[in-house]
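> Next comes the structure file protein29.txt, holding compact mmCIF, C-alpha atoms.
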# COMPACT_ATOMS: atom_id res chain seq x y z
CA MET A 1123 27.59 5.72 22.51
CA VAL A 1124 27.34 2.75 24.81
CA ASP A 1125 25.24 -0.05 23.35
CA LYS A 1126 22.02 0.00 25.33
CA SER A 1127 20.03 -2.35 23.16
CA ASN A 1128 19.45 -4.64 26.09
CA GLU A 1129 18.83 -1.96 28.67
CA TYR A 1130 15.90 0.07 27.44
CA GLY A 1131 12.97 0.11 29.76
CA TYR A 1132 9.32 -0.68 29.33
CA VAL A 1133 9.82 -3.91 27.38
CA PRO A 1134 9.23 -6.40 30.14
CA SER A 1135 8.44 -9.33 27.85
CA SER A 1136 11.23 -8.79 25.32
CA PRO A 1137 13.12 -12.05 24.86
CA THR A 1138 16.38 -10.18 24.28
CA GLN A 1139 16.18 -8.12 27.44
CA VAL A 1140 18.84 -9.62 29.66
CA LYS A 1141 19.59 -6.73 31.99
CA ASN A 1142 17.58 -4.92 34.56
CA ASN A 1143 16.87 -1.31 33.72
CA THR A 1144 15.91 1.85 35.47
CA GLY A 1145 12.90 2.53 33.29
CA ILE A 1146 14.25 5.95 32.46
CA PHE A 1147 15.03 7.15 28.94
CA GLU A 1148 17.93 9.55 28.70
CA VAL A 1149 18.11 12.07 25.86
CA ASP A 1150 20.69 9.94 24.06
CA ASP A 1151 18.43 6.92 24.45
CA VAL A 1152 15.58 8.73 22.75
CA THR A 1153 17.81 9.94 19.92
CA GLU A 1154 19.16 6.48 19.29
CA LEU A 1155 15.77 4.80 19.38
CA LEU A 1156 14.30 7.37 17.02
CA SER A 1157 17.13 6.79 14.54
CA VAL A 1158 16.29 3.10 14.19
CA GLY A 1159 12.54 3.57 14.17
CA ASN A 1160 11.91 2.05 17.56
CA LEU A 1161 10.29 4.99 19.29
CA GLY A 1162 6.96 6.57 18.56
CA GLY A 1163 3.95 5.36 16.66
CA SER A 1164 4.32 4.15 13.11
CA LEU A 1165 1.05 5.46 11.78
CA GLU A 1166 0.74 9.18 12.40
CA ASN A 1167 -2.74 10.59 12.26
CA ILE A 1168 -2.00 13.84 10.43
CA ASN A 1169 -5.55 15.08 10.20
CA ARG A 1170 -9.08 14.01 11.07
CA GLN A 1171 -12.26 15.63 9.82
CA SER A 1172 -15.82 14.93 10.85
CA ILE A 1173 -17.86 15.72 7.76
CA THR A 1174 -21.43 16.93 8.18
CA SER A 1175 -21.95 19.22 5.19
CA GLY A 1176 -20.48 20.57 1.97
CA THR A 1177 -19.27 18.81 -1.13
CA THR A 1178 -15.53 18.59 -0.54
CA VAL A 1179 -13.04 17.04 1.86
CA GLU A 1180 -9.52 18.40 1.56
CA PHE A 1181 -6.17 17.54 3.11
CA THR A 1182 -3.72 20.37 2.51
CA ASP A 1183 -0.94 19.46 4.96
CA LEU A 1184 0.65 16.13 4.05
CA LYS A 1185 3.75 16.62 6.22
CA ASP A 1186 6.73 14.81 4.70
CA TYR A 1187 5.82 11.15 4.25
CA ASN A 1188 6.44 8.99 1.16
CA VAL A 1189 3.35 6.89 1.77
CA HIS A 1190 0.02 8.23 3.03
CA MET A 1191 -3.11 6.39 4.00
CA VAL A 1192 -6.59 7.91 3.95
CA THR A 1193 -9.66 6.32 5.46
CA LEU A 1194 -13.14 7.51 4.53
CA ASN A 1195 -15.48 5.94 7.02
CA GLU A 1196 -19.25 5.66 6.85
CA PHE A 1197 -19.95 8.45 4.40
CA GLN A 1198 -23.54 9.43 3.65
CA SER A 1199 -25.05 12.14 1.46
CA ASP A 1200 -28.21 14.19 1.86
CA SER A 1201 -29.53 13.62 -1.66
CA ALA A 1202 -31.66 10.99 -3.32
CA SER A 1203 -29.65 11.59 -6.46
CA THR A 1204 -26.67 9.29 -6.63
CA GLY A 1205 -23.34 11.10 -6.58
CA SER A 1206 -19.79 9.83 -6.95
CA VAL A 1207 -17.02 10.62 -4.51
CA ASN A 1208 -14.09 11.47 -6.75
CA GLY A 1209 -10.62 12.76 -6.01
CA ARG A 1210 -8.10 15.25 -7.34
CA LEU A 1211 -4.55 16.24 -6.44
CA SER A 1212 -3.03 19.68 -6.15
CA ASN A 1213 0.43 21.01 -6.97
CA ASP A 1214 -0.10 24.34 -5.20
CA GLY A 1215 -1.09 23.31 -1.71
CA GLY A 1216 -4.79 23.18 -2.39
CA THR A 1217 -5.29 26.57 -4.02
CA SER A 1218 -6.39 24.66 -7.11
CA TYR A 1219 -6.74 21.00 -8.05
CA ILE A 1220 -5.49 19.35 -11.23
CA ALA A 1221 -8.36 18.74 -13.64
CA THR A 1222 -6.58 17.99 -16.88
CA ALA A 1223 -7.44 14.72 -18.64
CA SER A 1224 -4.44 12.97 -17.15
CA TYR A 1225 -5.68 10.61 -14.48
CA HIS A 1226 -5.62 6.87 -15.11
CA ARG A 1227 -8.06 4.59 -13.37
CA PHE A 1228 -7.85 0.83 -13.14
CA PHE A 1229 -9.96 -1.01 -10.66
CA TYR A 1230 -12.15 -4.03 -10.44
CA ARG A 1231 -15.57 -4.17 -8.90
CA THR A 1232 -18.04 -6.86 -7.92
CA LYS A 1233 -21.59 -6.52 -6.72
CA VAL A 1234 -23.21 -8.24 -3.77
CA GLY A 1235 -23.61 -11.95 -4.46
CA GLY A 1236 -20.69 -11.85 -6.88
CA ALA A 1237 -22.80 -10.27 -9.59
CA SER A 1238 -21.58 -8.06 -12.40
CA PRO A 1239 -17.81 -8.34 -11.96
CA SER A 1240 -16.11 -5.86 -14.22
CA ALA A 1241 -12.93 -3.91 -14.83
CA ILE A 1242 -13.30 -0.14 -14.69
CA GLN A 1243 -10.67 1.56 -16.77
CA GLY A 1244 -9.57 4.72 -18.54
CA THR A 1245 -6.52 6.87 -19.23
CA THR A 1246 -7.88 10.37 -19.77
CA PHE A 1247 -9.96 11.19 -16.73
CA THR A 1248 -10.03 14.66 -15.25
CA GLN A 1249 -10.33 13.20 -11.77
CA MET A 1250 -9.94 9.98 -9.80
CA GLU A 1251 -13.40 8.59 -10.53
CA SER A 1252 -14.72 7.12 -8.29
CA PHE A 1253 -13.91 5.86 -4.81
CA PHE A 1254 -17.58 5.08 -4.11
CA SER A 1255 -21.07 6.48 -4.55
CA LEU A 1256 -23.57 8.00 -2.16
CA ASP A 1257 -27.29 8.70 -1.95
CA THR A 1258 -30.00 8.57 0.67
CA ASP A 1259 -31.54 5.35 -0.60
CA TYR A 1260 -28.70 3.10 0.48
CA SER A 1261 -26.31 2.50 3.34
CA ALA A 1262 -23.05 4.34 3.92
CA SER A 1263 -19.84 3.85 1.95
CA SER A 1264 -16.25 3.55 3.15
CA SER A 1265 -12.76 3.33 1.69
CA VAL A 1266 -9.13 2.71 2.62
CA ILE A 1267 -6.72 4.45 0.25
CA PHE A 1268 -2.93 4.42 -0.06
CA PHE A 1269 -1.09 7.26 -1.82
CA TYR A 1270 2.49 6.79 -3.05
CA ASN A 1271 5.05 9.43 -4.12
CA LEU A 1272 2.78 12.43 -3.65
CA LEU A 1273 5.56 14.67 -2.43
CA ASP A 1274 8.27 13.26 -4.71
CA SER A 1275 8.76 15.65 -7.63
CA ASP A 1276 10.56 12.97 -9.66
CA LYS A 1277 7.86 10.33 -9.56
CA TYR A 1278 4.28 9.83 -10.66
CA SER A 1279 1.65 9.76 -7.94
CA LYS A 1280 0.06 6.35 -7.47
CA VAL A 1281 -3.05 5.39 -5.57
CA THR A 1282 -4.36 2.01 -4.48
CA PHE A 1283 -7.65 1.53 -2.69
CA ILE A 1284 -10.34 -0.83 -1.50
CA SER A 1285 -13.86 0.53 -1.13
CA GLN A 1286 -17.21 -0.67 0.03
CA ASN A 1287 -19.77 1.15 -2.06
CA GLY A 1288 -23.05 1.17 -0.21
CA VAL A 1289 -25.13 2.18 -3.23
CA THR A 1290 -26.40 -1.20 -4.45
CA ASP A 1291 -23.52 -2.87 -2.56
CA TRP A 1292 -20.27 -3.14 -4.51
CA VAL A 1293 -16.68 -3.78 -3.56
CA TYR A 1294 -14.05 -1.83 -5.51
CA PHE A 1295 -10.35 -2.63 -5.46
CA GLY A 1296 -7.64 -1.17 -7.64
CA GLY A 1297 -6.03 2.15 -8.24
CA PHE A 1298 -5.56 5.50 -9.86
CA MET A 1299 -2.47 7.22 -11.15
CA LEU A 1300 -1.54 10.76 -12.09
CA PRO A 1301 1.42 10.27 -14.44
CA ILE A 1302 2.85 13.73 -13.90
CA ALA A 1303 6.20 13.84 -12.13
CA GLU A 1304 5.79 16.76 -9.76
CA THR A 1305 5.04 17.44 -6.14
CA HIS A 1306 1.40 16.84 -5.24
CA ASN A 1307 0.85 18.43 -1.88
CA ALA A 1308 -2.90 18.40 -1.31
CA ILE A 1309 -5.73 15.91 -1.78
CA GLN A 1310 -9.35 16.71 -2.49
CA PHE A 1311 -12.37 14.42 -2.42
CA TYR A 1312 -15.62 15.79 -3.80
CA LEU A 1313 -19.20 14.67 -4.18
CA THR A 1314 -20.91 15.09 -7.55
CA ALA A 1315 -24.54 15.23 -6.35
CA GLY A 1316 -25.99 16.64 -3.16
CA ASN A 1317 -23.94 17.33 -0.07
CA PHE A 1318 -22.15 15.20 2.43
CA ALA A 1319 -24.37 14.43 5.41
CA SER A 1320 -21.91 12.47 7.54
CA GLY A 1321 -18.57 10.74 7.47
CA GLU A 1322 -15.15 10.59 9.09
CA ALA A 1323 -12.07 11.32 6.99
CA ARG A 1324 -8.59 10.62 8.33
CA LEU A 1325 -5.16 11.17 6.82
CA TYR A 1326 -2.19 9.16 8.08
CA GLY A 1327 1.51 9.09 7.31
CA LEU A 1328 3.42 5.83 7.41
CA LYS A 1329 6.60 6.03 9.41
CA GLU A 1330 9.97 5.71 7.68
CA LEU A 1331 13.59 6.12 8.64
CA MET B 1084 1.43 5.41 20.24
CA SER B 1085 -0.39 3.87 17.33
CA ASN B 1086 -0.88 0.13 17.11
CA LEU B 1087 1.01 -0.02 13.84
CA ARG B 1088 4.65 -0.58 14.80
CA PHE B 1089 7.57 0.03 12.50
CA VAL B 1090 9.74 -3.11 12.29
CA ASN B 1091 12.30 -2.72 9.53
CA GLU B 1092 13.20 -0.81 6.37
CA VAL B 1093 15.35 -2.06 3.50
CA THR B 1094 16.41 0.04 0.52
CA LEU B 1095 17.77 -1.64 -2.59
CA SER B 1096 20.98 -0.01 -3.76
CA VAL B 1097 22.58 -2.52 -6.12
CA ALA B 1098 21.18 -4.14 -9.24
CA ALA B 1099 19.87 -7.61 -8.59
CA ASN B 1100 17.62 -10.15 -10.19
CA THR B 1101 16.43 -11.16 -6.75
CA VAL B 1102 16.17 -8.90 -3.74
CA ASP B 1103 16.11 -10.48 -0.30
CA LEU B 1104 14.32 -8.54 2.39
CA PRO B 1105 15.27 -10.33 5.62
CA ASN B 1106 14.27 -9.77 9.21
CA LEU B 1107 10.81 -8.43 8.42
CA PHE B 1108 8.88 -10.86 10.61
CA THR B 1109 9.45 -11.71 14.25
CA GLY B 1110 7.49 -13.32 17.01
CA ASP B 1111 6.28 -9.95 18.24
CA PHE B 1112 3.26 -9.69 15.92
CA GLU B 1113 0.81 -11.96 14.14
CA THR B 1114 -0.18 -9.59 11.35
CA TYR B 1115 2.26 -7.49 9.33
CA LEU B 1116 1.80 -4.71 6.81
CA VAL B 1117 4.58 -4.70 4.20
CA VAL B 1118 4.75 -1.56 2.07
CA GLY B 1119 6.93 -1.61 -1.04
CA GLU B 1120 7.79 1.58 -2.88
CA ASN B 1121 8.92 1.97 -6.47
CA PHE B 1122 10.81 -1.26 -7.14
CA SER B 1123 12.26 -0.65 -10.58
CA SER B 1124 15.26 -0.85 -12.81
CA SER B 1125 17.29 1.79 -14.57
CA ALA B 1126 18.06 -0.66 -17.37
CA THR B 1127 15.86 -1.07 -20.42
CA GLY B 1128 13.49 -3.99 -20.23
CA SER B 1129 10.39 -5.24 -18.55
CA ASP B 1130 9.39 -8.17 -16.43
CA TYR B 1131 6.95 -9.34 -13.80
CA VAL B 1132 7.94 -8.85 -10.20
CA ASP B 1133 7.19 -12.00 -8.21
CA ALA B 1134 7.89 -12.90 -4.60
CA ARG B 1135 9.02 -15.75 -2.43
CA LEU B 1136 9.22 -16.17 1.32
CA LEU B 1137 12.42 -16.44 3.35
CA ASP B 1138 12.74 -19.31 5.80
CA ALA B 1139 14.13 -19.20 9.34
CA SER B 1140 17.68 -19.13 8.03
CA GLY B 1141 16.91 -16.29 5.63
CA SER B 1142 16.96 -18.45 2.51
CA ALA B 1143 14.36 -18.10 -0.22
CA ILE B 1144 11.88 -20.97 -0.35
CA THR B 1145 11.81 -22.29 -3.91
CA THR B 1146 9.69 -25.40 -3.48
CA SER B 1147 6.27 -25.67 -5.14
CA ASN B 1148 4.27 -25.11 -2.00
CA TYR B 1149 2.76 -21.73 -2.78
CA ARG B 1150 -0.87 -21.27 -3.71
CA TYR B 1151 -1.68 -17.91 -5.17
CA GLY B 1152 -4.08 -16.04 -7.38
CA VAL B 1153 -3.78 -12.54 -8.74
CA HIS B 1154 -6.02 -10.35 -10.85
CA TYR B 1155 -4.60 -7.39 -12.70
CA VAL B 1156 -6.33 -4.55 -14.44
CA PRO B 1157 -4.68 -2.03 -16.78
CA SER B 1158 -6.00 1.46 -17.28
CA SER B 1159 -6.53 0.83 -21.02
CA THR B 1160 -8.59 -2.27 -21.80
CA GLY B 1161 -8.88 -5.88 -20.72
CA ALA B 1162 -8.01 -7.61 -17.50
CA SER B 1163 -6.16 -10.80 -16.68
CA ALA B 1164 -5.59 -13.29 -13.92
CA GLU B 1165 -3.00 -15.90 -13.14
CA GLY B 1166 -2.23 -18.26 -10.34
CA GLY B 1167 -0.28 -21.18 -9.03
CA ASN B 1168 -1.89 -24.23 -7.46
CA PRO B 1169 0.73 -25.10 -6.52
CA GLY B 1170 3.56 -22.93 -7.77
CA ASN B 1171 7.10 -22.09 -6.71
CA ILE B 1172 6.48 -18.35 -6.60
CA ILE B 1173 3.97 -15.81 -5.41
CA GLY B 1174 3.34 -14.35 -8.81
CA GLY B 1175 2.36 -10.94 -10.01
CA ILE B 1176 3.19 -8.45 -7.27
CA GLY B 1177 3.51 -6.06 -10.18
CA PHE B 1178 5.25 -5.37 -13.44
CA GLN B 1179 8.38 -3.30 -13.92
CA ASN B 1180 8.89 -1.52 -17.15
CA ALA B 1181 12.24 0.23 -17.29
CA PRO B 1182 13.72 2.70 -17.43
CA LEU B 1183 11.13 4.36 -15.32
CA ALA B 1184 11.17 5.66 -11.80
CA GLU B 1185 7.60 4.62 -11.16
CA GLY B 1186 8.19 0.97 -10.46
CA VAL B 1187 6.12 -1.45 -8.46
CA SER B 1188 4.51 -0.17 -5.27
CA PHE B 1189 2.31 -2.31 -3.10
CA GLU B 1190 0.82 -2.90 0.30
CA MET B 1191 0.75 -6.50 1.47
CA TYR B 1192 -0.73 -7.96 4.62
CA VAL B 1193 1.00 -11.12 5.89
CA TYR B 1194 -0.61 -13.29 8.51
CA SER B 1195 1.22 -15.39 11.12
CA PRO B 1196 4.55 -15.70 9.28
CA TYR B 1197 6.62 -16.42 12.35
CA ASP B 1198 4.30 -19.10 13.72
CA ALA B 1199 5.75 -22.42 12.59
CA SER B 1200 2.56 -24.27 13.47
CA VAL B 1201 0.34 -22.66 10.81
CA TYR B 1202 0.46 -21.78 7.13
CA THR B 1203 1.58 -18.27 6.23
CA GLN B 1204 -1.00 -16.37 4.23
CA GLY B 1205 -1.20 -12.92 2.73
CA GLN B 1206 -2.89 -10.55 0.32
CA TRP B 1207 -1.73 -7.53 -1.60
CA VAL B 1208 -2.79 -4.61 -3.75
CA GLY B 1209 -0.16 -3.06 -5.97
CA SER B 1210 0.28 -0.68 -8.86
CA ASN B 1211 2.81 0.24 -11.50
CA TYR B 1212 3.11 2.17 -14.75
CA LYS B 1213 4.04 0.66 -18.10
CA SER B 1214 5.49 3.14 -20.56
CA THR B 1215 6.16 0.95 -23.60
CA GLY B 1216 3.42 0.25 -26.12
CA THR B 1217 0.26 1.90 -24.89
CA PRO B 1218 1.26 3.85 -21.78
CA GLN B 1219 -0.92 2.60 -19.00
CA ALA B 1220 -1.09 1.96 -15.31
CA TYR B 1221 -1.88 -1.37 -13.70
CA CYS B 1222 -3.33 -2.51 -10.44
CA TRP B 1223 -2.73 -5.94 -8.97
CA GLN B 1224 -4.83 -7.71 -6.36
CA GLY B 1225 -3.72 -11.07 -5.12
CA PHE B 1226 -3.53 -13.53 -2.28
CA PHE B 1227 -1.19 -16.35 -1.35
CA LYS B 1228 -0.89 -19.26 0.98
CA TYR B 1229 2.34 -21.10 1.75
CA THR B 1230 1.18 -24.62 2.57
CA VAL B 1231 3.95 -25.76 4.88
CA ASN B 1232 3.98 -25.22 8.62
CA GLU B 1233 7.23 -23.32 8.79
CA ARG B 1234 8.70 -20.14 10.29
CA ILE B 1235 8.93 -17.30 7.80
CA THR B 1236 11.25 -14.37 8.46
CA GLY B 1237 11.25 -12.28 5.30
CA LEU B 1238 10.36 -11.74 1.70
CA GLN B 1239 12.19 -11.98 -1.59
CA LEU B 1240 11.26 -9.99 -4.68
CA LYS B 1241 12.43 -11.43 -7.97
CA SER B 1242 12.33 -10.65 -11.64
CA ARG B 1243 10.33 -13.52 -13.15
CA ASN B 1244 12.27 -14.12 -16.32
CA GLY B 1245 15.53 -12.62 -15.23
CA ALA B 1246 15.10 -10.02 -17.92
CA ASN B 1247 15.52 -7.07 -15.66
CA ASN B 1248 17.57 -6.39 -12.58
CA MET B 1249 15.89 -4.22 -9.99
CA ASP B 1250 18.18 -1.52 -8.68
CA SER B 1251 15.96 0.78 -6.68
CA GLY B 1252 13.11 0.46 -4.26
CA THR B 1253 12.35 0.59 -0.57
CA ILE B 1254 10.36 -1.77 1.55
CA ARG B 1255 9.04 -1.12 5.04
CA CYS B 1256 7.48 -3.57 7.40
CA TYR B 1257 5.06 -2.74 10.19
CA GLY B 1258 3.63 -5.00 12.84
CA VAL B 1259 0.00 -4.70 13.82
CA ALA B 1260 0.01 -4.74 17.62
CA ASP B 1261 -2.64 -6.57 19.60
Would you encode the structure as structure tokens?

Amino acid sequence: MVDKSNEYGYVPSSPTQVKNNTGIFEVDDVTELLSVGNLGGSLENINRQSITSGTTVEFTDLKDYNVHMVTLNEFQSDSASTGSVNGRLSNDGGTSYIATASYHRFFYRTKVGGASPSAIQGTTFTQMESFFSLDTDYSASSSVIFFYNLLDSDKYSKVTFISQNGVTDWVYFGGFMLPIAETHNAIQFYLTAGNFASGEARLYGLKEL
Amino acid sequence: MSNLRFVNEVTLSVAANTVDLPNLFTGDFETYLVVGENFSSSATGSDYVDARLLDASGSAITTSNYRYGVHYVPSSTGASAEGGNPGNIIGGIGFQNAPLAEGVSFEMYVYSPYDASVYTQGQWVGSNYKSTGTPQAYCWQGFFKYTVNERITGLQLKSRNGANNMDSGTIRCYGVAD
């Protein structure tokens, strides 16, 4: 294939673009650019859900990425009782979710004003507990979560996250791990008290070659 | 097209005490997301995984001009912190405990690395699993500042005490478009 690295169109400000171009991508151009990761977005929005009811949010199609990102934006519940938003993984596409005492949690949290900093830990949880809490007395909660190795049957599934917990205003940062080397092909978040009233949940895949 | 743009991917295939990850940063973006996956060793041993920055020529910067702080929390008990003020590393990206496939994974944001008129700064959250002793997972949250106005083009991962060569792992770099 002829080297066209200096011919591709639509990069008018590229410092390495030394030739004029037609602004047209041929099929071979597209194939070559895809192979080096230079065509298409790098953060694919796999699924988006607007949550207005129920107690669960599930992602059952993870496509084929090694690293996934989930954002839970502005979640609220309909209950005055405080509930946790926890998570579980599935090895059967979401038919069931793993609830054995296998999840590790390891995160740090600090309250508004820097009060009550503490490490939250454990090695025998039956769920990823918790990403944040919800009730009707406080403002919404949000989280950005990275999942590693979910679809890799040879590796443990690892989770890192940063959350803003609206219930009495905490920041959480840390992780969870399910030290079971198998394919985990669905993610569930669930609320332990009341129902979800609102929130936007998005699942992304991070582009790789 | 999303505003997160894939820049480069490097996969480690040979055992090394230090792993250079060049050509991650260019003048095209101000903010980068660096995602590391499963940096580990197939040999027996354990060690901290630290980092350094690569200068414009691709060489690791070893001078004591890094400021960093990191807090790490295991899933068992206790928590610890360390830092350098100054130091010659960015310490505590994670901890590798071999032989284990679940090495160090992390997401790191790096700010203005290619701009030679400002300091390069960053922050990361990482995790790993330690199988010896009490099996437990760790998370790492840290930040760094390189206090020299200098162009930065990449990242180096290194075994702190040279006790363990890393021989697997993949790193991907994404630019956050304006």
> So that each row is one residue of chain B with an atom at most 8 Å from chain A, can you give its shortest atom pair and the distance in Å to one decimal, using only C-alpha atoms, rows by chain and rising number, as a tab-separated table?

residue	atom	partner	partner_atom	distance
B:Met1084	CA	A:Gly1163	CA	4.4
B:Ser1085	CA	A:Gly1163	CA	4.6
B:Asn1086	CA	A:Gly1163	CA	7.1
B:Leu1087	CA	A:Ser1164	CA	5.4
B:Arg1088	CA	A:Ser1164	CA	5.0
B:Phe1089	CA	A:Ser1164	CA	5.3
B:Val1090	CA	A:Gly1159	CA	7.5
B:Asn1091	CA	A:Gly1159	CA	7.8
B:Glu1092	CA	A:Leu1331	CA	7.3
B:Glu1120	CA	A:Tyr1270	CA	7.4
B:Val1156	CA	A:Phe1228	CA	5.7
B:Pro1157	CA	A:Phe1228	CA	5.6
B:Ser1158	CA	A:Phe1228	CA	4.6
B:Ser1159	CA	A:Gly1244	CA	5.5
B:Thr1160	CA	A:Gln1243	CA	6.7
B:Gly1161	CA	A:Ala1241	CA	7.4
B:Ala1162	CA	A:Ala1241	CA	6.7
B:Ala1184	CA	A:Lys1277	CA	6.1
B:Glu1185	CA	A:Lys1277	CA	5.9
B:Ser1188	CA	A:Tyr1270	CA	7.6
B:Val1208	CA	A:Thr1282	CA	6.8
B:Gly1209	CA	A:Thr1282	CA	6.8
B:Ser1210	CA	A:Thr1282	CA	6.9
B:Asn1211	CA	A:Lys1280	CA	7.8
B:Gln1219	CA	A:Thr1245	CA	7.0
B:Ala1220	CA	A:His1226	CA	6.7
B:Tyr1221	CA	A:Phe1228	CA	6.4
B:Cys1222	CA	A:Gly1296	CA	5.3
B:Trp1223	CA	A:Gly1296	CA	7.0
B:Gln1224	CA	A:Gly1296	CA	7.2
B:Arg1255	CA	A:Glu1330	CA	7.4
B:Tyr1257	CA	A:Ser1164	CA	7.5
> Pick from B:Phe1227, B:Leu1240, B:Gly1245, B:Tyr1194: nearest to Thr1114 of chain B, with all atoms listed in the file counted?
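Checking each candidate against Thr1114 of chain B, we get B:Tyr1194 as the closest.
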> Considering all atoms listed in the file, return as JSON, numbers by chain whatever protein or nucleic-acid residues lie within 9 Å of Asp1130 of chain B, sequence-local ones (same chain, fewer than 3 positions apart) excluded.
{"B": [1177, 1178, 1179, 1180, 1181, 1242, 1243, 1244, 1245, 1246, 1247]}
> Could you check which of B:Val1153, B:Ile1173, B:Val1132, B:Val1097 is closest to Gly1119 of chain B, using all atoms listed in the file?
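Closest candidate: B:Val1132.
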> How far is it from atom CA of Val1102 of chain B to atom CA of Gly1167 of chain B, in Å with one decimal?
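These atoms are spaced 21.2 Å apart.
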> Quick one: distance from atom CA of Phe1311 of chain A to atom CA of Arg1231 of chain A in Å, one decimal?
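Calculated distance between atom CA of Phe1311 of chain A and atom CA of Arg1231 of chain A is 19.9 Å.
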> Restricting the calculation to only C-alpha atoms, which member of B:Ser1129, B:Glu1165, B:Glu1190, B:Glu1113 is positioned closest to His1190 of chain A?
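Nearest to His1190 of chain A: B:Glu1190.
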> Interatomic distance between atom CA of Gly1176 of chain A and atom CA of Ala1223 of chain A?
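Between atom CA of Gly1176 of chain A and atom CA of Ala1223 of chain A the gap is 25.1 Å.
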> Between B:Met1191, B:Ile1172, B:Ala1134, B:Val1118, which has the minimum distance to Thr1094 of chain B (counting only C-alpha atoms)?
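Smallest separation from Thr1094 of chain B among the options: B:Val1118.
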> For a cutoff of 6 Å around the file-coordinate point (17.6, -3.7, -7.4), which residues qualify once you count only C-alpha atoms? I'd like the result as JSON, numbers by chain.
{"B": [1095, 1097, 1098, 1099, 1248, 1249, 1250, 1251]}
> Quick one: residues within 10 Å of Phe1226 of chain B, all atoms listed in the file, excluding same-chain residues fewer than 4 positions away - as a list in words?
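Neighbouring residues, sequence-local ones excluded: Arg1150, Tyr1151, Gly1152, Val1153, His1154, Gly1166, Ile1173, Gly1174, Ile1176, Met1191, Tyr1192, Val1193, Gln1204, Gly1205, Gln1206, Trp1207 and Val1208 of chain B.
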> Within 7 Å of segment 1315-1324 of chain A, which residues of segment 1156-1218 of chain A show up? Give each one with its shortest atom-to-atom distance in Å (one decimal) and the two atoms involved, counting all atoms listed in the file, rows by chain then rising residue number, as a Markdown table.

| residue | atom | partner | partner_atom | distance |
| --- | --- | --- | --- | --- |
| A:Asn1169 | CA | A:Arg1324 | CA | 5.7 |
| A:Arg1170 | CA | A:Arg1324 | CA | 4.4 |
| A:Gln1171 | CA | A:Ala1323 | CA | 5.2 |
| A:Ser1172 | CA | A:Glu1322 | CA | 4.7 |
| A:Ile1173 | CA | A:Gly1321 | CA | 5.0 |
| A:Thr1174 | CA | A:Ser1320 | CA | 4.5 |
| A:Ser1175 | CA | A:Phe1318 | CA | 4.9 |
| A:Gly1176 | CA | A:Asn1317 | CA | 5.2 |
| A:Thr1177 | CA | A:Asn1317 | CA | 5.0 |
| A:Val1192 | CA | A:Arg1324 | CA | 5.5 |
| A:Thr1193 | CA | A:Arg1324 | CA | 5.3 |
| A:Leu1194 | CA | A:Ala1323 | CA | 4.7 |
| A:Asn1195 | CA | A:Glu1322 | CA | 5.1 |
| A:Glu1196 | CA | A:Gly1321 | CA | 5.2 |
| A:Phe1197 | CA | A:Gly1321 | CA | 4.1 |
| A:Gln1198 | CA | A:Ser1320 | CA | 5.2 |
| A:Ser1199 | CA | A:Phe1318 | CA | 4.3 |
| A:Asp1200 | CA | A:Ala1319 | CA | 5.2 |
| A:Ser1201 | CA | A:Gly1316 | CA | 4.9 |
| A:Ser1203 | CA | A:Ala1315 | CA | 6.3 |
| A:Thr1204 | CA | A:Ala1315 | CA | 6.3 |
| A:Gly1205 | CA | A:Ala1315 | CA | 4.3 |
> Please determine, counting all atoms listed in the file, which residue among B:Thr1253, B:Phe1122, B:Gly1258, B:Asp1138 has the shortest atom-to-atom distance to Ala1199 of chain B.
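The answer is B:Asp1138, which sits nearest to Ala1199 of chain B.
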> Rank B:Ser1123, B:Ser1147, B:Thr1215, B:Gln1239 by their smallest atom-to-atom distance to Asn1171 of chain B, using all atoms listed in the file, and report the top residue only.
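Under the stated criterion, the closest residue is B:Ser1147.
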> Identify, on the basis of only C-alpha atoms, every residue whose closest approach to Phe1253 of chain A does not exceed 7 Å; exclude the query and any residue fewer than 6 positions from it along the same chain; express the result as a PyMOL selection string.
chain A and resi 1207-1208+1285
